[in-house]
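Working notes, structure below.
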Amino acid sequence: MPRESRDQILVNSTKIRYRAGTIAFQPGDPDRADILEKGFARLYLTSSEGRQTTIRYVHPGELMGGMLVMGAVFDGSVQMIVDSIVIHLDLLTVRRRVEVDPAAGSALAADLAQRYSHCVRTIALHAFGSVVQRVAFDLLDRASRTQLSAGQLEAAVSQQEIADGIGSARPVVAKGLTAIRAGRLVDTAHRRVRIIDPVGLEALALSGLL
């Protein structure tokens with residue numbers, strides 16, 4: 001956006017710091033819109049039985065809450081995977097700017113298109129992704145859930161459980177895990193996988209998909 005449009009969008013905005021593992025937004029909270037200035041975040045849904053599924057990871061410079069800006073419903077939650085800083089936008093200001101500023105409306109449309117593209121790639125990952133890619137996504141997803149309960153970004157899981165989770169065989173998963181460990185993205189011990197580079201792990205999972 002032009003500088004003037006950016007300045008207008010940021011009117012009445014504030015910065016908020018979050019510690020790793022913090023749930024910054026959950027169902028029932030007031031609608032909001034934020035820009036991730038620094039860090040790495042996860043958007044996920046929770047079923048009535050308590051199961052979770054990740055729908056998107058957020059990187060610096062990206063908007064969270066585009067659907068809410070447009071008045072749509074989002075029944076998901078936002079988890080900060082690492083220590084993060086967000087720019088908390090004034091929702092009323094953003095909605096007004098989108099209505100009167102073509103640059104702001106175009107930027108929001110581009111963001112929503114990017115979110116759609118991410119959803120398509122996630123579907124492609126589960127349908128066509130390599131074992132290494134599916135293991136990478138599975139590990140980050142498991143570790144993120146563990147972080148919410150235990151505070152550690154690690155997955156307490158066996159190779160067989162990973163294989164069962166992605167629909168593969170344990171020896172194949174073992175090779176994939178070795179490749180991921182060689183890239184210094186994770187560290188492994190007996191029934192434990194510690195995430196060293198969550199951003200790199202997500203990039204590996206989604207690389208080359210559509």
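Labels for the structure tokens follow display order: chains A, B, ..., residues from 1 in each chain, ligands from 1.
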
Can you check which parts of range 95-184 of chain A lie within 12 Å of range 81-84 of chain A? Per residue, the shortest pair of atoms and distance in Å to one decimal, counting only C-alpha atoms, sorted by chain and number, as JSON lines.
```
{"residue": "A:Leu140", "atom": "CA", "partner": "A:Ile81", "partner_atom": "CA", "distance": 9.8}
{"residue": "A:Asp141", "atom": "CA", "partner": "A:Ile81", "partner_atom": "CA", "distance": 10.6}
{"residue": "A:Ala143", "atom": "CA", "partner": "A:Ile81", "partner_atom": "CA", "distance": 9.5}
{"residue": "A:Ser144", "atom": "CA", "partner": "A:Ile81", "partner_atom": "CA", "distance": 6.9}
{"residue": "A:Arg145", "atom": "CA", "partner": "A:Ile81", "partner_atom": "CA", "distance": 10.0}
{"residue": "A:Thr146", "atom": "CA", "partner": "A:Ile81", "partner_atom": "CA", "distance": 10.9}
{"residue": "A:Gln147", "atom": "CA", "partner": "A:Ile81", "partner_atom": "CA", "distance": 8.0}
{"residue": "A:Leu148", "atom": "CA", "partner": "A:Ile81", "partner_atom": "CA", "distance": 9.3}
{"residue": "A:Gly151", "atom": "CA", "partner": "A:Ile81", "partner_atom": "CA", "distance": 10.1}
{"residue": "A:Gln152", "atom": "CA", "partner": "A:Ile81", "partner_atom": "CA", "distance": 9.9}
{"residue": "A:Leu153", "atom": "CA", "partner": "A:Ile81", "partner_atom": "CA", "distance": 7.8}
{"residue": "A:Glu154", "atom": "CA", "partner": "A:Ile81", "partner_atom": "CA", "distance": 11.2}
```

Write out as a Markdown table a residue-level contact list of range 42-123 of chain A versus range 195-198 of chain A with cut-off 12 Å: for each qualifying residue the closest pair of atoms and the distance in Å to one decimal, counting only C-alpha atoms, rows sorted by chain and residue number upward.
```
| residue | atom | partner | partner_atom | distance |
| --- | --- | --- | --- | --- |
| A:Arg42 | CA | A:Pro198 | CA | 10.7 |
| A:Tyr57 | CA | A:Pro198 | CA | 9.9 |
| A:Val58 | CA | A:Pro198 | CA | 11.4 |
| A:His59 | CA | A:Pro198 | CA | 11.1 |
| A:Met80 | CA | A:Pro198 | CA | 11.5 |
| A:Ile81 | CA | A:Pro198 | CA | 8.0 |
| A:Val82 | CA | A:Pro198 | CA | 8.7 |
```

| message | Applying 6 Å and only C-alpha atoms, which residues near range 188-194 of chain A remain after dropping the ones on its own chain fewer than 6 positions away? List them as a PyMOL selection string. | response | chain A and resi 154-158

So that I can check the surroundings of range 3-5 of chain A, please list as a short mmCIF file (atom, residue, chain, number, x, y, z; two decimals) with C-alpha atoms, in the first residue's frame every protein, DNA and RNA residue that reaches within 9 Å of it, counting only C-alpha atoms and ignoring chain neighbours fewer than 5 positions away.
```cif
data_model
loop_
_atom_site.label_atom_id
_atom_site.label_comp_id
_atom_site.auth_asym_id
_atom_site.auth_seq_id
_atom_site.Cartn_x
_atom_site.Cartn_y
_atom_site.Cartn_z
CA LEU A 10 -2.37 2.13 11.62
CA ARG A 97 -10.46 2.48 5.26
CA ASP A 101 -9.49 3.56 0.15
CA ALA A 103 -5.44 0.62 -1.96
CA ALA A 104 -6.58 -0.76 1.39
#
```

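Closest approach to Val98 in chain A among A:Leu125, A:Val120, A:Ala203, A:Val69 is made by A:Val69 (distances from only C-alpha atoms).
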
| task | Can you list, as a ChimeraX atom specification, all residues belonging to chain A that DSSP tags as strand (DSSP E or B)? | result | /A:14-18,23-25,33-38,41-46,52-58,63-64,77-80,84-89,154-155,186-189,192-195

Go ahead and dump the residues you just picked, N, CA and C atoms, as a compact mmCIF listing (two decimals), in the first residue's frame.
```txt
# COMPACT_ATOMS: atom_id res chain seq x y z
N THR A 14 -2.01 -0.49 18.29
CA THR A 14 -1.09 -0.68 19.41
C THR A 14 -0.26 -1.93 19.15
N LYS A 15 0.89 -2.02 19.84
CA LYS A 15 1.73 -3.21 19.73
C LYS A 15 1.58 -4.07 20.97
N ILE A 16 1.52 -5.38 20.75
CA ILE A 16 1.38 -6.32 21.85
C ILE A 16 2.46 -7.39 21.72
N ARG A 17 3.12 -7.68 22.82
CA ARG A 17 4.13 -8.74 22.86
C ARG A 17 3.52 -9.99 23.47
N TYR A 18 3.80 -11.13 22.86
CA TYR A 18 3.30 -12.41 23.35
C TYR A 18 4.46 -13.37 23.57
N ILE A 23 -2.04 -18.27 23.69
CA ILE A 23 -3.21 -18.23 22.81
C ILE A 23 -3.68 -16.78 22.76
N ALA A 24 -3.47 -16.15 21.62
CA ALA A 24 -3.78 -14.72 21.49
C ALA A 24 -5.23 -14.47 21.11
N PHE A 25 -5.88 -15.46 20.55
CA PHE A 25 -7.28 -15.32 20.13
C PHE A 25 -7.92 -16.69 20.18
N ALA A 33 -8.23 -7.63 14.36
CA ALA A 33 -7.33 -7.78 13.21
C ALA A 33 -5.94 -7.35 13.65
N ASP A 34 -4.95 -8.17 13.33
CA ASP A 34 -3.58 -7.91 13.75
C ASP A 34 -2.62 -8.19 12.61
N ILE A 35 -1.51 -7.47 12.61
CA ILE A 35 -0.41 -7.76 11.71
C ILE A 35 0.72 -8.35 12.55
N LEU A 36 1.23 -9.51 12.16
CA LEU A 36 2.35 -10.09 12.88
C LEU A 36 3.61 -9.33 12.49
N GLU A 37 4.17 -8.58 13.42
CA GLU A 37 5.38 -7.80 13.13
C GLU A 37 6.63 -8.66 13.27
N LYS A 38 6.64 -9.53 14.27
CA LYS A 38 7.80 -10.38 14.53
C LYS A 38 7.33 -11.68 15.15
N ALA A 41 3.27 -17.67 14.13
CA ALA A 41 2.01 -18.00 14.78
C ALA A 41 1.27 -19.10 14.03
N ARG A 42 0.32 -19.69 14.71
CA ARG A 42 -0.46 -20.81 14.16
C ARG A 42 -1.94 -20.53 14.36
N LEU A 43 -2.71 -20.72 13.27
CA LEU A 43 -4.16 -20.67 13.36
C LEU A 43 -4.69 -22.10 13.31
N TYR A 44 -5.57 -22.43 14.23
CA TYR A 44 -6.07 -23.81 14.28
C TYR A 44 -7.53 -23.85 14.71
N LEU A 45 -8.16 -24.97 14.39
CA LEU A 45 -9.54 -25.24 14.79
C LEU A 45 -9.56 -26.36 15.81
N THR A 46 -10.55 -26.33 16.70
CA THR A 46 -10.70 -27.35 17.72
C THR A 46 -12.09 -27.94 17.61
N GLN A 52 -7.52 -31.03 17.44
CA GLN A 52 -7.10 -29.80 16.78
C GLN A 52 -6.57 -30.09 15.38
N THR A 53 -6.74 -29.11 14.50
CA THR A 53 -6.14 -29.19 13.17
C THR A 53 -5.63 -27.81 12.80
N THR A 54 -4.40 -27.75 12.32
CA THR A 54 -3.79 -26.49 11.92
C THR A 54 -4.31 -26.09 10.54
N ILE A 55 -4.71 -24.84 10.39
CA ILE A 55 -5.19 -24.38 9.09
C ILE A 55 -4.23 -23.39 8.44
N ARG A 56 -3.32 -22.82 9.24
CA ARG A 56 -2.40 -21.84 8.65
C ARG A 56 -1.32 -21.47 9.65
N TYR A 57 -0.11 -21.22 9.14
CA TYR A 57 0.95 -20.63 9.93
C TYR A 57 1.17 -19.20 9.43
N VAL A 58 1.46 -18.30 10.33
CA VAL A 58 1.54 -16.88 10.01
C VAL A 58 2.98 -16.39 10.17
N LEU A 63 -1.30 -10.52 7.76
CA LEU A 63 -2.49 -10.10 8.50
C LEU A 63 -3.17 -11.32 9.12
N MET A 64 -3.63 -11.16 10.33
CA MET A 64 -4.49 -12.14 10.98
C MET A 64 -5.82 -11.46 11.26
N SER A 77 -8.58 -20.47 16.66
CA SER A 77 -7.72 -19.86 17.67
C SER A 77 -6.39 -19.49 17.05
N VAL A 78 -5.67 -18.59 17.72
CA VAL A 78 -4.34 -18.17 17.28
C VAL A 78 -3.35 -18.47 18.39
N GLN A 79 -2.31 -19.21 18.06
CA GLN A 79 -1.27 -19.59 19.02
C GLN A 79 0.07 -19.01 18.57
N MET A 80 0.78 -18.37 19.48
CA MET A 80 2.11 -17.86 19.17
C MET A 80 3.13 -18.98 19.39
N SER A 84 6.57 -13.35 20.10
CA SER A 84 6.10 -12.59 18.94
C SER A 84 5.63 -11.19 19.33
N ILE A 85 5.59 -10.33 18.33
CA ILE A 85 5.04 -8.99 18.48
C ILE A 85 3.99 -8.80 17.39
N VAL A 86 2.80 -8.34 17.78
CA VAL A 86 1.75 -8.07 16.80
C VAL A 86 1.36 -6.60 16.86
N ILE A 87 0.96 -6.07 15.71
CA ILE A 87 0.36 -4.74 15.65
C ILE A 87 -1.15 -4.94 15.70
N HIS A 88 -1.74 -4.57 16.81
CA HIS A 88 -3.18 -4.74 17.00
C HIS A 88 -3.89 -3.55 16.37
N LEU A 89 -4.58 -3.80 15.28
CA LEU A 89 -5.25 -2.74 14.53
C LEU A 89 -6.59 -2.38 15.14
N GLU A 154 7.79 -29.52 21.37
CA GLU A 154 8.32 -30.82 21.03
C GLU A 154 7.17 -31.83 20.96
N ALA A 155 7.40 -32.91 20.25
CA ALA A 155 6.39 -33.94 20.07
C ALA A 155 6.83 -35.21 20.78
N VAL A 186 15.10 -30.37 13.48
CA VAL A 186 14.62 -31.02 14.70
C VAL A 186 15.78 -31.74 15.38
N ASP A 187 15.55 -32.09 16.64
CA ASP A 187 16.47 -32.91 17.40
C ASP A 187 15.65 -34.06 17.97
N THR A 188 16.17 -35.27 17.93
CA THR A 188 15.38 -36.43 18.33
C THR A 188 16.04 -37.20 19.47
N ALA A 189 15.19 -37.82 20.28
CA ALA A 189 15.60 -38.76 21.32
C ALA A 189 14.50 -39.82 21.36
N ARG A 192 10.76 -38.67 21.49
CA ARG A 192 10.72 -37.22 21.64
C ARG A 192 11.36 -36.57 20.42
N VAL A 193 10.68 -35.59 19.86
CA VAL A 193 11.22 -34.81 18.75
C VAL A 193 11.10 -33.34 19.14
N ARG A 194 12.22 -32.69 19.34
CA ARG A 194 12.23 -31.26 19.70
C ARG A 194 12.38 -30.43 18.43
N ILE A 195 11.52 -29.42 18.29
CA ILE A 195 11.54 -28.57 17.11
C ILE A 195 12.58 -27.47 17.31
```

| task | Rank A:Ala169, A:Arg96, A:Phe40, A:Ser47 by their smallest atom-to-atom distance to Pro60 in chain A, using only C-alpha atoms, and report the top residue only. | result |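 The closest residue to Pro60 in chain A is A:Phe40.
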
| request: May I have all residues of range 43-170 of chain A that DSSP, computed from the backbone, assigns to helix (DSSP H, G or I), given as a PyMOL selection string? | output: chain A and resi 66-69+91-100+102-128+131-150+159-166+170

| request: Do a neighbour search on Ala179 in chain A at 12 Å with only C-alpha atoms, toss out local chain neighbours closer than 5 positions, and write the hits as an MDAnalysis selection string. | output: chainID A and resid 131:133 135:136 172:174 184:188 201 204

Kindly export the residues of the current selection with N, CA, C and O atoms, as a JSON list (two decimals), in the first residue's frame.
```json
[["chain", "number", "residue", "atom", "x", "y", "z"],
["A", 131, "VAL", "N", 6.82, -38.08, 1.76],
["A", 131, "VAL", "CA", 6.85, -38.51, 3.15],
["A", 131, "VAL", "C", 7.56, -37.48, 4.02],
["A", 131, "VAL", "O", 7.10, -37.16, 5.13],
["A", 132, "VAL", "N", 8.66, -36.94, 3.54],
["A", 132, "VAL", "CA", 9.39, -35.93, 4.30],
["A", 132, "VAL", "C", 8.50, -34.73, 4.59],
["A", 132, "VAL", "O", 8.47, -34.20, 5.71],
["A", 133, "GLN", "N", 7.76, -34.27, 3.59],
["A", 133, "GLN", "CA", 6.89, -33.12, 3.78],
["A", 133, "GLN", "C", 5.77, -33.41, 4.77],
["A", 133, "GLN", "O", 5.47, -32.60, 5.65],
["A", 135, "VAL", "N", 5.76, -35.72, 7.13],
["A", 135, "VAL", "CA", 6.35, -35.88, 8.47],
["A", 135, "VAL", "C", 6.64, -34.52, 9.07],
["A", 135, "VAL", "O", 6.37, -34.27, 10.25],
["A", 136, "ALA", "N", 7.19, -33.60, 8.28],
["A", 136, "ALA", "CA", 7.50, -32.25, 8.77],
["A", 136, "ALA", "C", 6.24, -31.55, 9.27],
["A", 136, "ALA", "O", 6.24, -30.96, 10.36],
["A", 172, "VAL", "N", 9.91, -46.10, 6.34],
["A", 172, "VAL", "CA", 9.90, -44.95, 5.43],
["A", 172, "VAL", "C", 9.93, -43.65, 6.24],
["A", 172, "VAL", "O", 10.65, -42.70, 5.91],
["A", 173, "VAL", "N", 9.15, -43.63, 7.31],
["A", 173, "VAL", "CA", 9.13, -42.46, 8.18],
["A", 173, "VAL", "C", 10.49, -42.25, 8.83],
["A", 173, "VAL", "O", 10.96, -41.12, 8.97],
["A", 174, "ALA", "N", 11.15, -43.33, 9.22],
["A", 174, "ALA", "CA", 12.48, -43.23, 9.84],
["A", 174, "ALA", "C", 13.47, -42.54, 8.90],
["A", 174, "ALA", "O", 14.26, -41.69, 9.33],
["A", 184, "ARG", "N", 18.91, -29.99, 10.39],
["A", 184, "ARG", "CA", 18.97, -29.24, 11.66],
["A", 184, "ARG", "C", 17.66, -28.51, 11.96],
["A", 184, "ARG", "O", 17.66, -27.42, 12.55],
["A", 185, "LEU", "N", 16.57, -29.14, 11.55],
["A", 185, "LEU", "CA", 15.26, -28.58, 11.84],
["A", 185, "LEU", "C", 14.68, -29.14, 13.13],
["A", 185, "LEU", "O", 13.87, -28.49, 13.79],
["A", 186, "VAL", "N", 15.10, -30.37, 13.48],
["A", 186, "VAL", "CA", 14.62, -31.02, 14.70],
["A", 186, "VAL", "C", 15.78, -31.74, 15.38],
["A", 186, "VAL", "O", 16.82, -31.99, 14.78],
["A", 187, "ASP", "N", 15.55, -32.09, 16.64],
["A", 187, "ASP", "CA", 16.47, -32.91, 17.40],
["A", 187, "ASP", "C", 15.65, -34.06, 17.97],
["A", 187, "ASP", "O", 14.53, -33.85, 18.43],
["A", 188, "THR", "N", 16.17, -35.27, 17.93],
["A", 188, "THR", "CA", 15.38, -36.43, 18.33],
["A", 188, "THR", "C", 16.04, -37.20, 19.47],
["A", 188, "THR", "O", 17.25, -37.22, 19.62],
["A", 201, "LEU", "N", 10.73, -25.79, 9.26],
["A", 201, "LEU", "CA", 9.97, -27.04, 9.16],
["A", 201, "LEU", "C", 8.70, -26.82, 8.35],
["A", 201, "LEU", "O", 8.34, -27.64, 7.50],
["A", 204, "LEU", "N", 9.64, -26.44, 4.66],
["A", 204, "LEU", "CA", 9.91, -27.74, 4.06],
["A", 204, "LEU", "C", 8.61, -28.47, 3.74],
["A", 204, "LEU", "O", 8.47, -29.06, 2.65]]
```

| query | Expressed in Å to a single decimal, how great is the separation between CA of Gln160 in chain A and CA of His118 in chain A? | reply |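 Rounded to one decimal, the two atoms are 28.5 Å apart.
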
| Quick one, how far is CA of Phe128 in chain A from CA of Arg170 in chain A? |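 One can read the CA of Phe128 in chain A to CA of Arg170 in chain A distance as 18.7 Å.
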
| task | Please provide as a PyMOL selection string all residues within 9 Å of Asp31 in chain A, with the sequence filter that same-chain residues fewer than 5 positions apart are discarded (counting only C-alpha atoms). | result | chain A and resi 65+68-69+71+73-74+91
